[in-house]
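Student: File name final_37.txt; file contents compact mmCIF, C-alpha atoms; full text below.
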# COMPACT_ATOMS: atom_id res chain seq x y z
CA MET R 22 0.00 0.00 0.00
CA SER R 23 1.48 3.34 -1.06
CA GLU R 24 -0.31 5.73 1.31
CA THR R 25 -0.66 5.08 5.03
CA THR R 26 -0.46 6.66 8.48
CA ILE R 27 1.61 5.19 11.30
CA GLU R 28 1.91 6.03 15.00
CA LEU R 29 5.45 6.33 16.33
CA ASP R 30 6.75 7.97 19.50
CA GLY R 31 3.27 9.37 20.09
CA HIS R 32 3.09 11.09 16.70
CA ALA R 33 0.93 10.33 13.67
CA ILE R 34 3.08 10.29 10.54
CA GLU R 35 1.47 10.29 7.11
CA LEU R 36 3.55 8.22 4.71
CA SER R 37 3.20 8.81 0.99
CA SER R 38 4.30 7.04 -2.21
CA GLN R 39 5.84 4.14 -0.31
CA ASP R 40 6.19 2.13 -3.50
CA LYS R 41 8.26 4.82 -5.27
CA VAL R 42 11.61 3.32 -6.29
CA LEU R 43 14.55 5.36 -4.97
CA PHE R 44 17.40 2.96 -5.86
CA ALA R 45 16.67 1.72 -9.37
CA ASP R 46 19.64 -0.67 -9.48
CA CYS R 47 18.33 -2.79 -6.61
CA GLY R 48 14.64 -1.90 -6.45
CA ILE R 49 14.72 -0.26 -3.03
CA THR R 50 11.65 1.89 -2.46
CA LYS R 51 10.81 4.82 -0.24
CA GLY R 52 8.93 2.39 1.96
CA ASP R 53 12.13 0.37 2.37
CA LEU R 54 14.01 3.53 3.31
CA VAL R 55 11.36 4.48 5.86
CA ASP R 56 11.56 0.99 7.34
CA HIS R 57 15.36 1.18 7.57
CA TYR R 58 15.27 4.39 9.57
CA ARG R 59 12.44 3.16 11.78
CA ARG R 60 14.38 -0.01 12.66
CA ILE R 61 17.91 1.41 12.82
CA ALA R 62 16.92 4.19 15.24
CA ALA R 63 17.28 1.93 18.30
CA VAL R 64 21.00 1.53 17.59
CA ALA R 65 21.72 4.87 15.92
CA LEU R 66 19.93 7.43 18.08
CA PRO R 67 22.67 7.59 20.75
CA HIS R 68 24.99 8.73 17.95
CA TRP R 69 22.48 11.13 16.37
CA ARG R 70 20.75 12.92 19.23
CA ASP R 71 21.36 16.62 19.93
CA ARG R 72 23.49 17.15 16.81
CA PRO R 73 22.63 19.65 14.06
CA ALA R 74 21.65 17.70 10.96
CA SER R 75 22.11 18.44 7.29
CA LEU R 76 19.71 16.48 5.12
CA GLN R 77 20.65 15.02 1.74
CA ARG R 78 17.34 14.54 -0.05
CA PHE R 79 16.48 12.66 -3.25
CA PRO R 80 12.68 12.87 -3.59
CA ASP R 81 12.78 11.38 -7.10
CA GLY R 82 15.43 8.73 -6.43
CA ILE R 83 19.20 8.76 -6.39
CA ASP R 84 19.46 8.87 -10.19
CA ALA R 85 17.71 12.24 -10.22
CA ASP R 86 19.07 15.51 -8.88
CA GLY R 87 19.17 15.67 -5.08
CA PHE R 88 19.88 18.55 -2.76
CA PHE R 89 21.26 19.39 0.67
CA GLN R 90 19.02 21.09 3.18
CA LYS R 91 20.17 22.62 6.45
CA ASP R 92 17.32 24.96 7.34
CA ALA R 93 14.19 23.19 8.60
CA PRO R 94 11.22 24.05 6.33
CA GLU R 95 8.18 25.67 7.92
CA TYR R 96 5.98 22.74 6.89
CA PHE R 97 7.91 20.26 9.05
CA PRO R 98 5.69 19.31 12.01
CA SER R 99 6.16 21.22 15.24
CA TRP R 100 7.09 18.09 17.20
CA ILE R 101 10.38 17.76 15.31
CA ALA R 102 13.16 19.21 17.48
CA ARG R 103 15.05 22.16 16.04
CA GLU R 104 17.92 24.39 17.09
CA ARG R 105 18.77 27.78 15.61
CA LEU R 106 22.52 28.20 15.30
CA LYS R 107 24.70 31.04 14.18
CA LYS R 108 26.36 30.98 10.80
CA GLU R 109 28.34 33.56 8.89
CA GLY R 110 25.96 36.38 8.04
CA GLY R 111 22.97 35.00 9.91
CA SER R 112 21.60 31.81 11.38
CA VAL R 113 20.13 28.47 10.38
CA GLU R 114 17.49 26.36 12.11
CA HIS R 115 18.74 22.79 12.05
CA VAL R 116 16.69 19.66 12.55
CA LEU R 117 17.75 17.44 15.47
CA VAL R 118 17.18 13.74 14.83
CA ASP R 119 16.33 12.93 18.43
CA ASP R 120 13.77 10.14 17.96
CA ALA R 121 12.66 7.44 15.56
CA ALA R 122 9.62 9.46 14.50
CA THR R 123 11.85 12.25 13.17
CA ALA R 124 14.04 9.78 11.28
CA VAL R 125 10.96 8.21 9.69
CA TYR R 126 9.42 11.56 8.79
CA LEU R 127 12.66 12.66 7.11
CA ALA R 128 12.93 9.39 5.16
CA ASN R 129 9.37 9.95 3.91
CA GLN R 130 10.56 13.36 2.69
CA GLY R 131 13.17 11.60 0.55
CA CYS R 132 16.06 12.19 2.96
CA VAL R 133 18.45 9.37 2.10
CA THR R 134 21.55 10.50 4.02
CA LEU R 135 22.01 12.27 7.35
CA HIS R 136 25.10 14.41 7.90
CA LEU R 137 25.68 15.47 11.51
CA GLY R 138 27.69 18.12 13.32
CA LEU R 139 30.74 17.20 15.38
CA SER R 140 29.36 18.92 18.47
CA ARG R 141 26.09 18.79 20.40
CA VAL R 142 23.82 21.80 20.56
CA ASP R 143 24.12 22.38 24.31
CA ARG R 144 27.79 23.33 23.74
CA ILE R 145 27.88 23.86 20.03
CA ASP R 146 31.36 25.41 20.02
CA ARG R 147 32.90 22.41 21.84
CA PRO R 148 33.24 19.32 19.62
CA ASP R 149 32.98 15.86 21.12
CA ARG R 150 34.35 14.19 17.98
CA LEU R 151 37.60 14.56 16.09
CA ILE R 152 37.30 13.00 12.64
CA LEU R 153 39.96 12.07 10.12
CA ASP R 154 38.44 11.15 6.76
CA LEU R 155 40.73 8.78 4.85
CA ASP R 156 40.08 9.72 1.24
CA PRO R 157 41.70 7.58 -1.47
CA ALA R 158 42.68 8.84 -4.90
CA GLY R 159 41.02 5.82 -6.52
CA ASP R 160 39.06 2.72 -5.57
CA ASP R 161 41.88 0.72 -3.94
CA PHE R 162 40.47 0.09 -0.46
CA GLY R 163 43.68 -1.67 0.54
CA ARG R 164 45.39 1.72 0.48
CA VAL R 165 42.68 3.10 2.77
CA GLN R 166 43.16 0.19 5.18
CA ASP R 167 46.90 0.81 5.19
CA ALA R 168 46.24 4.48 5.99
CA ALA R 169 43.83 3.50 8.75
CA ARG R 170 46.38 1.11 10.27
CA ARG R 171 49.03 3.84 10.36
CA THR R 172 46.56 6.39 11.71
CA ARG R 173 45.53 4.07 14.51
CA ALA R 174 49.18 3.38 15.37
CA LEU R 175 49.85 7.10 15.79
CA LEU R 176 46.74 7.57 17.91
CA ASP R 177 47.78 4.61 20.08
CA GLU R 178 51.20 6.21 20.45
CA LEU R 179 49.49 9.39 21.63
CA GLU R 180 47.33 7.32 24.03
CA LEU R 181 44.13 8.39 22.30
CA PRO R 182 41.15 6.04 21.85
CA SER R 183 40.06 5.59 18.25
CA PHE R 184 36.98 4.24 16.49
CA VAL R 185 36.42 3.50 12.83
CA GLN R 186 33.51 3.34 10.41
CA THR R 187 32.94 2.85 6.73
CA THR R 188 31.50 5.88 5.01
CA GLY R 189 29.41 3.80 2.62
CA SER R 190 31.60 5.19 -0.13
CA ARG R 191 35.33 4.63 -0.81
CA GLY R 192 36.93 5.56 2.48
CA LEU R 193 36.94 5.25 6.25
CA HIS R 194 36.40 7.69 9.09
CA VAL R 195 38.68 7.44 12.10
CA VAL R 196 37.10 9.08 15.13
CA VAL R 197 38.49 10.19 18.51
CA PRO R 198 35.83 10.94 21.17
CA LEU R 199 36.52 14.21 22.99
CA ASP R 200 35.52 15.51 26.43
CA ARG R 201 34.56 18.96 25.03
CA SER R 202 37.32 20.76 26.90
CA ALA R 203 38.70 22.23 23.64
CA GLY R 204 37.06 24.46 21.06
CA PHE R 205 36.95 23.88 17.31
CA ASP R 206 40.05 25.93 16.52
CA ALA R 207 42.21 23.87 18.87
CA VAL R 208 40.73 20.56 17.67
CA ARG R 209 41.15 21.49 14.01
CA ASP R 210 44.75 22.57 14.64
CA PHE R 211 45.47 19.27 16.38
CA ALA R 212 43.82 17.29 13.57
CA HIS R 213 45.93 19.19 11.03
CA ARG R 214 49.07 18.37 12.99
CA LEU R 215 48.05 14.70 13.15
CA ALA R 216 47.55 14.60 9.39
CA SER R 217 50.84 16.40 8.77
CA CYS R 218 52.70 14.04 11.10
CA LEU R 219 51.30 11.02 9.26
CA ALA R 220 52.25 12.54 5.91
CA ARG R 221 55.82 13.21 7.09
CA ARG R 222 56.20 9.69 8.45
CA HIS R 223 54.76 8.02 5.33
CA PRO R 224 55.31 10.47 2.46
CA ASP R 225 54.93 7.84 -0.25
CA ARG R 226 51.54 6.67 1.04
CA LEU R 227 49.80 9.54 2.83
CA THR R 228 49.30 13.27 2.29
CA ALA R 229 47.74 16.23 4.03
CA GLU R 230 47.74 18.20 0.77
CA GLN R 231 44.33 19.68 -0.02
CA ARG R 232 44.97 20.12 -3.74
CA LYS R 233 44.02 16.93 -5.60
CA ALA R 234 46.69 17.51 -8.23
CA ALA R 235 49.37 17.36 -5.52
CA ARG R 236 48.22 14.09 -3.93
CA GLN R 237 49.81 11.88 -6.60
CA GLY R 238 47.80 8.79 -5.79
CA ARG R 239 48.33 8.99 -2.03
CA VAL R 240 45.52 8.72 0.53
CA PHE R 241 44.44 12.17 1.72
CA ILE R 242 44.16 12.49 5.51
CA ASP R 243 41.27 14.93 5.46
CA TYR R 244 41.19 16.91 8.71
CA LEU R 245 39.06 19.75 7.35
CA ARG R 246 35.74 18.56 8.80
CA ASN R 247 36.92 19.57 12.28
CA ALA R 248 35.41 23.05 12.15
CA TYR R 249 32.28 24.85 13.31
CA GLY R 250 29.42 24.24 10.89
CA GLN R 251 31.04 21.24 9.22
CA THR R 252 29.39 17.82 9.23
CA ALA R 253 30.24 14.16 8.73
CA VAL R 254 28.16 11.28 7.46
CA ALA R 255 26.15 9.80 10.32
CA PRO R 256 26.68 6.26 11.60
CA TYR R 257 24.09 3.87 10.14
CA THR R 258 22.84 6.33 7.55
CA VAL R 259 22.19 5.24 3.98
CA ARG R 260 24.30 6.62 1.14
CA ALA R 261 22.84 7.69 -2.19
CA LYS R 262 24.85 5.14 -4.15
CA PRO R 263 24.04 1.95 -6.05
CA GLY R 264 23.21 -0.91 -3.72
CA ALA R 265 22.14 1.44 -0.88
CA PRO R 266 25.32 1.09 1.21
CA VAL R 267 25.16 2.02 4.88
CA ALA R 268 27.87 3.93 6.78
CA THR R 269 28.76 1.29 9.35
CA PRO R 270 30.81 1.39 12.56
CA LEU R 271 33.31 -1.49 12.64
CA ASP R 272 35.74 -2.79 15.17
CA TRP R 273 39.36 -2.40 14.18
CA ASP R 274 39.93 -6.05 13.30
CA GLU R 275 37.02 -5.91 10.86
CA ALA R 276 38.12 -2.62 9.32
CA LEU R 277 41.64 -3.90 8.63
CA ALA R 278 40.70 -7.44 7.56
CA GLU R 279 41.80 -8.60 4.14
CA GLY R 280 38.91 -8.55 1.71
CA GLN R 281 36.88 -5.98 3.64
CA SER R 282 34.88 -3.59 1.46
CA PRO R 283 33.77 -0.03 2.30
CA THR R 284 30.34 -0.87 0.89
CA ALA R 285 29.99 -4.34 2.42
CA TYR R 286 26.99 -3.34 4.53
CA THR R 287 23.80 -2.18 2.87
CA MET R 288 20.13 -1.76 3.60
CA ARG R 289 19.74 -5.41 2.61
CA ASN R 290 22.10 -6.88 5.22
CA ILE R 291 22.74 -4.34 8.00
CA PHE R 292 20.14 -5.84 10.32
CA ARG R 293 21.57 -9.31 9.88
CA ARG R 294 24.89 -7.88 11.03
CA LEU R 295 23.33 -6.13 14.02
CA GLY R 296 21.58 -9.35 14.95
CA GLN R 297 24.95 -11.07 15.17
CA LYS R 298 27.19 -8.31 16.54
CA ALA R 299 26.70 -5.42 18.95
CA ASP R 300 27.31 -1.86 17.81
CA PRO R 301 31.12 -1.36 17.98
CA TRP R 302 30.53 2.30 18.89
CA GLN R 303 28.30 1.50 21.85
CA GLY R 304 29.48 3.65 24.76
CA ILE R 305 31.89 5.66 22.59
CA GLY R 306 31.29 8.73 24.76
CA ASP R 307 32.53 6.87 27.85
CA GLN R 308 36.03 6.98 26.34
CA ALA R 309 36.05 10.73 25.70
CA VAL R 310 39.43 12.35 26.33
CA SER R 311 41.15 15.70 26.54
CA LEU R 312 43.72 16.50 23.87
CA ASP R 313 46.10 18.32 26.22
CA ALA R 314 48.49 15.45 26.93
CA ALA R 315 48.28 14.17 23.36
CA MET R 316 49.26 17.62 22.07
CA ARG R 317 52.46 17.48 24.11
CA ARG R 318 53.23 13.94 22.95
CA LEU R 319 52.62 14.94 19.34
CA ASP R 320 55.03 17.86 19.72
CA ASP R 321 57.69 15.48 21.06
CA GLY R 322 57.09 12.73 18.50
CA CYS R 323 56.60 14.67 15.26
Can you turn what I pasted into structure tokens?

Tutor:
Amino acid sequence: MSETTIELDGHAIELSSQDKVLFADCGITKGDLVDHYRRIAAVALPHWRDRPASLQRFPDGIDADGFFQKDAPEYFPSWIARERLKKEGGSVEHVLVDDAATAVYLANQGCVTLHLGLSRVDRIDRPDRLILDLDPAGDDFGRVQDAARRTRALLDELELPSFVQTTGSRGLHVVVPLDRSAGFDAVRDFAHRLASCLARRHPDRLTAEQRKAARQGRVFIDYLRNAYGQTAVAPYTVRAKPGAPVATPLDWDEALAEGQSPTAYTMRNIFRRLGQKADPWQGIGDQAVSLDAAMRRLDDGC
């Protein structure tokens, strides 16, 4: 049935065009997308709550033009949480994906992918995530795994906890949970120094060079997301790519295993995985750290 109304979290949500195909290559419909976000919320909400969201919407399917949306439209229901945040030259009212009902409503609006801020709205200028995006020049995921291995080794050396997830595209995100004692400028500076240290240690494999022409096939250690107003792809969100891959937290052994693929987990198999294995990022905030000591170690070691 294409049109229906469901009750979720105490809200009535009108669902439309549930049989509309959004992923033509594999036949995934809007109804399938809605169901994904309804079911995944139990695992994903601890990672999503209280973070400003940017919505990547494809109302006519991923083969048609999509668009990014940061400002919550007036027609969104009043029960969806919002937060107005400053931006250069004004402000923007972001959606907060704080419950399953919001995730379902957004999916029904054709929101395929959630991108989330690196800080929570109660202290928006104090990030609780440092993210290094390992961006390959091509499709050789082995190079990304090598970069991830070397990145983890440096973070271990600095006595920093690290977590990893596929992006549902070609690369990996390496994440350090932070205790919010430092502002964005300090975190971004530290992330830049991490990337530069890795590039100096492994100049034939890794680079911190922003210009693509200067990367010469090396994996780019992208530290640039660590800034106010920047976002990263959310854990367990769907990517607008053939096969409907899902950005998936992994444990380190999985991420570095031979034969691993950055698009191994999709809407078709993610719940089978979660039925067999707990979320590797469960309790990530319990390991949040200050960067102060690591900054001194980085100065001494690089």

Student: Report, in Å to a single decimal, how far apart atom CA of Trp273 of chain R and atom CA of Gly163 of chain R are.

Tutor: 14.3 Å

Student: With distances taken over only C-alpha atoms, which of R:Ala74, R:Ala168, R:Ala85, R:Leu215 is nearest to Thr134 of chain R?

Tutor: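 Using only C-alpha atoms, the shortest distance to Thr134 of chain R belongs to R:Ala74.
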
Student: Give me the residues near segment 32-34 of chain R as a list in words, where near means some atom within 8 Å (using all atoms listed in the file) and where sequence neighbours in that chain fewer than 3 positions away do not count.

Tutor: Thr26, Ile27, Glu28, Leu29, Ala122 and Tyr126 of chain R

Student: Hey, what's within 12 Å of Asp313 of chain R if we count all atoms listed in the file and toss same-chain stuff fewer than 3 positions away? As an MDAnalysis selection string, please?

Tutor: chainID R and resid 179:181 199:203 207:208 211 310 316:320

Student: In Å to one decimal, how far is atom CA of Arg260 of chain R from atom CA of Asp120 of chain R?

Tutor: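 Spanning atom CA of Asp120 of chain R to atom CA of Arg260 of chain R is a straight-line distance of 20.2 Å.
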
Student: Check the smallest atom-to-atom distance from each of R:Tyr249, R:Thr25, R:Ala65, R:Gln308 to Glu109 of chain R using all atoms listed in the file, then report the winner.

Tutor: R:Tyr249

Student: Find, counting only C-alpha atoms, the residue in R:Leu227, R:Pro256, R:Ile61, R:Ser190 that gets nearest to Thr172 of chain R.

Tutor: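 Distance minimum relative to Thr172 of chain R lands on R:Leu227.
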
Student: Which residue out of R:Pro73, R:Gly31, R:Gly322, R:Gly111 has the minimum interatomic distance to Leu219 of chain R when all atoms listed in the file are used?

Tutor: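 So, comparing all the options, the nearest one is R:Gly322.
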